[in-house]
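What follows is one structure encoded as structure tokens, with my remarks underneath.
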Amino acid sequence: MTRPRVAWAPPMRDGVSPSRVAVSGGPWPGVLAFLQARLPAVADWPQRLARGDVLDLQGRPLQPGDACRPGAVYWYWRSLPPEPRVPFEIELLHQDDDLVAVDKPHFLPVAPSGRWLQETVLVRLKRLLGIDTLVPMHRLDRETAGVLLFTVRPGVRDAYQAVLRERRAHKVYEAIAPWRPGLQLPCEVASRLQERPGDAFMQMEEVPGESNARSRVELVTRLGAPPPGAAEPGVAEIALYRLQPHTGRRHQLRVHMAALGLPLLGDRIYPRLWPAETADAPPDYRWPLQLLAREIRFTDPLSGRERCFTSRRQLAVSAGGCAESPT
């Protein structure tokens with residue numbers, strides 16, 4: 001069903017933009033009965049209604065027994081139990097009327113999903129800038145650090161996202177991984193990636209068929225022996241690599257490096273899937289994934305001028321763990 005178009009929305013609260021739900025089905029004895037049936041995962045609808053946290057299209061707080069008519073639209077704000085604080089900050093790199101660029105830390109998800117809401121780049125950035133219309137231009141994995149772009153005005157979103165859809169952006173990443181003697185670099189890696197079925201759905205896998213993922217891998221410098229705990233047993237030496245994805249498949253760089261026998265330090269998905277972190281246990285912040293989105297360049301689709309945004313962070317490996325540190 002197509003979502004009804006609305007001309008007004010309530011303001012965001014604590015960086016969280018309002019969500020909306022349209023009434024369908026029924027008949028319903030009242031607003032509360034509809035909300036409990038439509039969104040049963042939200043256990044506190046009575047309390048939200050009592051606080052005035054559910055609004056109609058005119059911004060009027062609704063009561064539990066208010067009439068619930070098909071096609072009506074209600075506003076509410078998503079909320080979650082307190083989330084563990086990710087102890088790293090985003091850094092603002094650039095802001096204008098169309099684009100915002102930030103330097104994303106490791107461990108911080110880009111946008112709300114699952115058990116993450118306040119501890120996301122999007123919500124933190126909305127709170128920081130007070131801009132309700134921010135939307136990610138692209139995504140980075142929660143474990144990946146580096147340059148992340150957001151569009152500001154709804155009217156420019158498609159033009160900027162088309163830059164990525166049409167592969168008109170040049171991206172450069174850096175990674176720390178084992179060094180392999182005899183591996184000829186630089187090299188181009190091409191393969192067909194698809195989501196792995198079953199319990200390992202978090203992983204992508206290479207399968208036969210026409211390639212849909214291409215990456216360039218270059219050696220930057222050898223770094224010597226890894227400190228204890230930084231790499232898998234048997235890794236005698238590590239190195240810094242420059243990675244350039246020509247396509248944008250999920251986990252593409254991580255899969256291609258693992259396929260070369262160069263799994264990234266700190267990778268808990270490739271080449272093997274580690275046990276999932278429990279909801280109440282924070283990750284080990286000493287060992288982030290050693291992958292950094294260093295740079296993104298493209299021709300601005302509106303002004304025609306060249307845009308280039310560069311991360312100020314550096315990947316670093318020491319005896320105390322794998323850490324990112326601003327330069």
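Letters A, B, ... mark the chains of the structure tokens in the order given; residue numbers begin at 1 per chain; ligand numbers begin at 1, in order shown.
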
(request) Output as a PyMOL selection string all residues of stretch 93-144 of chain A that backbone DSSP marks as strand (DSSP E or B). (result) chain A and resi 93-95+99-104+113+116+135-136

Those selected residues, please, written with C-alpha atoms and delivered as a compact mmCIF listing (two decimals), in the first residue's frame.
# COMPACT_ATOMS: atom_id res chain seq x y z
CA LEU A 93 34.54 17.66 7.91
CA HIS A 94 32.26 19.86 5.79
CA GLN A 95 28.81 21.45 5.78
CA LEU A 99 26.00 18.15 1.76
CA VAL A 100 27.43 17.31 5.16
CA ALA A 101 30.62 15.25 5.41
CA VAL A 102 31.71 13.58 8.65
CA ASP A 103 34.58 11.41 9.79
CA LYS A 104 32.84 8.34 11.21
CA SER A 113 18.14 -0.19 12.93
CA TRP A 116 20.56 0.99 17.64
CA VAL A 135 19.78 11.44 4.91
CA PRO A 136 22.87 9.27 4.33

List the spatial neighbours of A:Ala22 as a PDB file with C-alpha atoms, in the first residue's frame - criterion: any atom at most 6 Å away, only C-alpha atoms, same-chain residues fewer than 4 positions off excluded.
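Produced file out_7.pdb, reproduced below:
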ATOM      1  CA  GLY A  71      -6.696   6.227   6.001  1.00  0.00           C
ATOM      2  CA  ALA A  72      -5.900   8.311   9.086  1.00  0.00           C
ATOM      3  CA  VAL A  73      -2.195   8.942   9.711  1.00  0.00           C
TER       4      VAL A  73
END

(request) Find the spatial neighbours of stretch 159-161 of chain A, counting only C-alpha atoms, within a cut-off of 7 Å - ignore same-chain residues fewer than 3 positions away - and output them as a VMD selection string. (result) chain A and resid 137 156 164 to 165 301

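Using only C-alpha atoms, the protein and nucleic acid residues lying no more than 7 Å from stretch 248-256 of chain A, apart from those fewer than 3 places from it along its own chain, are Val189, Met204, Ala213, Ser215, Pro245, Ala259, Leu260, Pro263, Leu264 and Tyr270 of chain A.
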
Selected residues, C-alpha atoms, written as a compact mmCIF listing (two decimals), in the first residue's frame, please.
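Generated file (part_3.txt):
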# COMPACT_ATOMS: atom_id res chain seq x y z
CA VAL A 189 39.93 -8.70 -8.02
CA MET A 204 28.58 -12.53 1.52
CA ALA A 213 32.06 -6.87 -7.67
CA SER A 215 38.22 -4.02 -6.48
CA PRO A 245 36.22 -0.49 -5.03
CA ALA A 259 39.85 -14.29 -0.87
CA LEU A 260 43.44 -13.11 -1.45
CA PRO A 263 41.69 -11.04 5.93
CA LEU A 264 41.49 -7.61 7.58
CA TYR A 270 35.52 -12.91 7.24

(request) Between A:Pro112, A:Pro178, A:Gly224, A:Pro105, single out the one closest to A:Arg313, counting only C-alpha atoms. (result) A:Pro105

(request) Excluding A:Ala225 and residues on its chain fewer than 3 positions from it, collect all residues at most 10 Å away from it, counting only C-alpha atoms, and give them as a ChimeraX atom specification. (result) /A:178-179,222,228,230-231,235-239

Write the residues you've just listed into a file as a compact mmCIF listing (two decimals), in the first residue's frame, and include N, CA and C atoms for each of them.
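What follows is the written file part_24.txt:
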# COMPACT_ATOMS: atom_id res chain seq x y z
N PRO A 178 47.29 -9.09 6.86
CA PRO A 178 48.57 -9.81 6.75
C PRO A 178 49.31 -9.47 5.46
N TRP A 179 50.63 -9.60 5.51
CA TRP A 179 51.45 -9.48 4.31
C TRP A 179 51.76 -10.88 3.80
N ARG A 222 54.90 -2.30 4.27
CA ARG A 222 54.93 -3.39 5.23
C ARG A 222 55.12 -2.81 6.63
N PRO A 228 50.94 -8.93 19.90
CA PRO A 228 50.13 -10.06 20.38
C PRO A 228 48.64 -9.74 20.37
N ALA A 230 46.72 -9.10 17.82
CA ALA A 230 46.23 -8.26 16.74
C ALA A 230 45.83 -9.04 15.51
N ALA A 231 46.39 -10.22 15.31
CA ALA A 231 46.15 -11.00 14.11
C ALA A 231 45.93 -12.46 14.48
N VAL A 235 50.18 -15.48 11.57
CA VAL A 235 50.47 -14.30 10.77
C VAL A 235 51.79 -13.71 11.24
N ALA A 236 52.83 -13.76 10.38
CA ALA A 236 54.17 -13.32 10.77
C ALA A 236 54.38 -11.83 10.55
N GLU A 237 53.64 -11.27 9.59
CA GLU A 237 53.86 -9.86 9.26
C GLU A 237 52.56 -9.25 8.74
N ILE A 238 52.37 -7.97 9.01
CA ILE A 238 51.18 -7.27 8.53
C ILE A 238 51.61 -6.10 7.65
N ALA A 239 50.63 -5.52 6.93
CA ALA A 239 50.94 -4.44 5.98
C ALA A 239 49.74 -3.51 5.85

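With distances taken over only C-alpha atoms, A:Val147 is the one residue among A:Val147, A:Leu193, A:Ala37, A:Ala67 lying closest to A:Leu292.
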
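For the atom pair formed by atom CA of A:Gly130 and atom CA of A:Ala162, the distance is 25.9 Å, given to one decimal.
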
(message) For the alpha helix (DSSP H) assignment from backbone DSSP, which residues of stretch 151-283 of chain A qualify? Please present them as a ChimeraX atom specification.
(response) /A:157-165,252-259

Keeping only C-alpha atoms, write the selected residues to a file as a tab-separated table (two decimals), in the first residue's frame.
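As written to disk, result.tsv reads:
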chain	number	residue	atom	x	y	z
A	157	ARG	CA	18.92	13.61	-2.69
A	158	ASP	CA	18.36	11.77	-5.94
A	159	ALA	CA	20.94	13.81	-7.85
A	160	TYR	CA	23.65	12.99	-5.33
A	161	GLN	CA	22.67	9.37	-4.84
A	162	ALA	CA	22.73	8.95	-8.63
A	163	VAL	CA	26.46	9.71	-8.47
A	164	LEU	CA	26.88	6.45	-6.56
A	165	ARG	CA	24.27	4.45	-8.47
A	252	GLN	CA	32.99	-6.27	-1.03
A	253	LEU	CA	36.44	-5.20	0.17
A	254	ARG	CA	36.36	-7.54	3.15
A	255	VAL	CA	35.42	-10.52	0.95
A	256	HIS	CA	38.03	-9.74	-1.72
A	257	MET	CA	40.82	-9.29	0.81
A	258	ALA	CA	39.91	-12.56	2.52
A	259	ALA	CA	39.85	-14.29	-0.87

(request) Between atom CA of A:Thr247 and atom CA of A:Arg216, measure the distance and give it in Å to one decimal. (result)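 Straight-line distance from atom CA of A:Thr247 to atom CA of A:Arg216 works out to 10.4 Å.
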
(message) At a cut-off of 10 Å, using only C-alpha atoms, what residues contact A:Ile176? Leave out same-chain residues fewer than 3 positions from it and give the result as a ChimeraX atom specification.
(response) /A:179,219-223,238-242,262-266,289-292,315-317,322

Now that the selection is made, can you save its residues with N, CA, C and O atoms as a compact mmCIF listing (two decimals), in the first residue's frame?
# COMPACT_ATOMS: atom_id res chain seq x y z
N TRP A 179 50.63 -9.60 5.51
CA TRP A 179 51.45 -9.48 4.31
C TRP A 179 51.76 -10.88 3.80
O TRP A 179 52.09 -11.77 4.58
N LEU A 219 49.60 -2.53 -2.31
CA LEU A 219 50.39 -2.53 -1.09
C LEU A 219 50.96 -1.13 -0.88
O LEU A 219 51.59 -0.57 -1.78
N VAL A 220 50.75 -0.55 0.31
CA VAL A 220 51.32 0.76 0.63
C VAL A 220 52.66 0.58 1.32
O VAL A 220 53.68 1.14 0.90
N THR A 221 52.68 -0.19 2.41
CA THR A 221 53.93 -0.41 3.13
C THR A 221 53.80 -1.61 4.05
O THR A 221 52.71 -1.91 4.55
N ARG A 222 54.90 -2.30 4.27
CA ARG A 222 54.93 -3.39 5.23
C ARG A 222 55.12 -2.81 6.63
O ARG A 222 55.86 -1.84 6.81
N LEU A 223 54.46 -3.40 7.62
CA LEU A 223 54.45 -2.86 8.98
C LEU A 223 55.19 -3.73 9.98
O LEU A 223 55.31 -3.35 11.14
N ILE A 238 52.37 -7.97 9.01
CA ILE A 238 51.18 -7.27 8.53
C ILE A 238 51.61 -6.10 7.65
O ILE A 238 52.79 -5.71 7.63
N ALA A 239 50.63 -5.52 6.93
CA ALA A 239 50.94 -4.44 5.98
C ALA A 239 49.74 -3.51 5.85
O ALA A 239 48.60 -3.88 6.20
N LEU A 240 50.00 -2.32 5.35
CA LEU A 240 48.98 -1.34 5.05
C LEU A 240 48.68 -1.41 3.56
O LEU A 240 49.60 -1.39 2.73
N TYR A 241 47.39 -1.48 3.22
CA TYR A 241 46.95 -1.60 1.83
C TYR A 241 46.04 -0.43 1.45
O TYR A 241 45.32 0.11 2.29
N ARG A 242 46.07 -0.08 0.17
CA ARG A 242 45.12 0.88 -0.40
C ARG A 242 44.13 0.09 -1.26
O ARG A 242 44.53 -0.69 -2.13
N LEU A 262 44.23 -12.36 2.69
CA LEU A 262 44.59 -11.16 3.45
C LEU A 262 43.40 -10.67 4.27
O LEU A 262 42.95 -9.53 4.11
N PRO A 263 42.84 -11.50 5.15
CA PRO A 263 41.69 -11.04 5.93
C PRO A 263 42.07 -9.83 6.80
O PRO A 263 43.13 -9.79 7.42
N LEU A 264 41.19 -8.85 6.86
CA LEU A 264 41.49 -7.61 7.58
C LEU A 264 41.61 -7.88 9.07
O LEU A 264 40.84 -8.67 9.65
N LEU A 265 42.55 -7.21 9.72
CA LEU A 265 42.67 -7.32 11.16
C LEU A 265 41.38 -6.80 11.81
O LEU A 265 40.84 -5.78 11.40
N GLY A 266 40.92 -7.53 12.80
CA GLY A 266 39.71 -7.14 13.51
C GLY A 266 38.42 -7.55 12.84
O GLY A 266 37.35 -7.20 13.33
N LEU A 289 37.77 -3.15 13.44
CA LEU A 289 38.09 -3.59 12.09
C LEU A 289 39.05 -2.58 11.46
O LEU A 289 38.78 -1.37 11.46
N GLN A 290 40.14 -3.08 10.91
CA GLN A 290 41.16 -2.17 10.35
C GLN A 290 40.83 -1.81 8.90
O GLN A 290 41.52 -2.21 7.96
N LEU A 291 39.74 -1.04 8.77
CA LEU A 291 39.29 -0.58 7.47
C LEU A 291 38.84 0.86 7.61
O LEU A 291 38.02 1.18 8.47
N LEU A 292 39.37 1.73 6.74
CA LEU A 292 39.11 3.16 6.80
C LEU A 292 38.72 3.68 5.43
O LEU A 292 39.46 3.46 4.45
N LEU A 315 44.72 4.55 10.66
CA LEU A 315 44.73 3.22 11.23
C LEU A 315 46.06 3.01 11.94
O LEU A 315 47.10 3.45 11.45
N ALA A 316 46.02 2.37 13.08
CA ALA A 316 47.24 2.15 13.84
C ALA A 316 47.13 0.86 14.62
O ALA A 316 46.06 0.53 15.13
N VAL A 317 48.22 0.13 14.70
CA VAL A 317 48.27 -1.13 15.45
C VAL A 317 49.38 -1.02 16.47
O VAL A 317 50.52 -0.67 16.14
N CYS A 322 44.29 -2.39 18.31
CA CYS A 322 44.19 -1.71 17.01
C CYS A 322 43.34 -0.46 17.23
O CYS A 322 42.18 -0.57 17.60

(request) Tell me, in Å to one decimal, how far atom CA of A:Trp8 is from atom CA of A:Gly155. (result)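 Computing it gives 16.1 Å between the two atoms.
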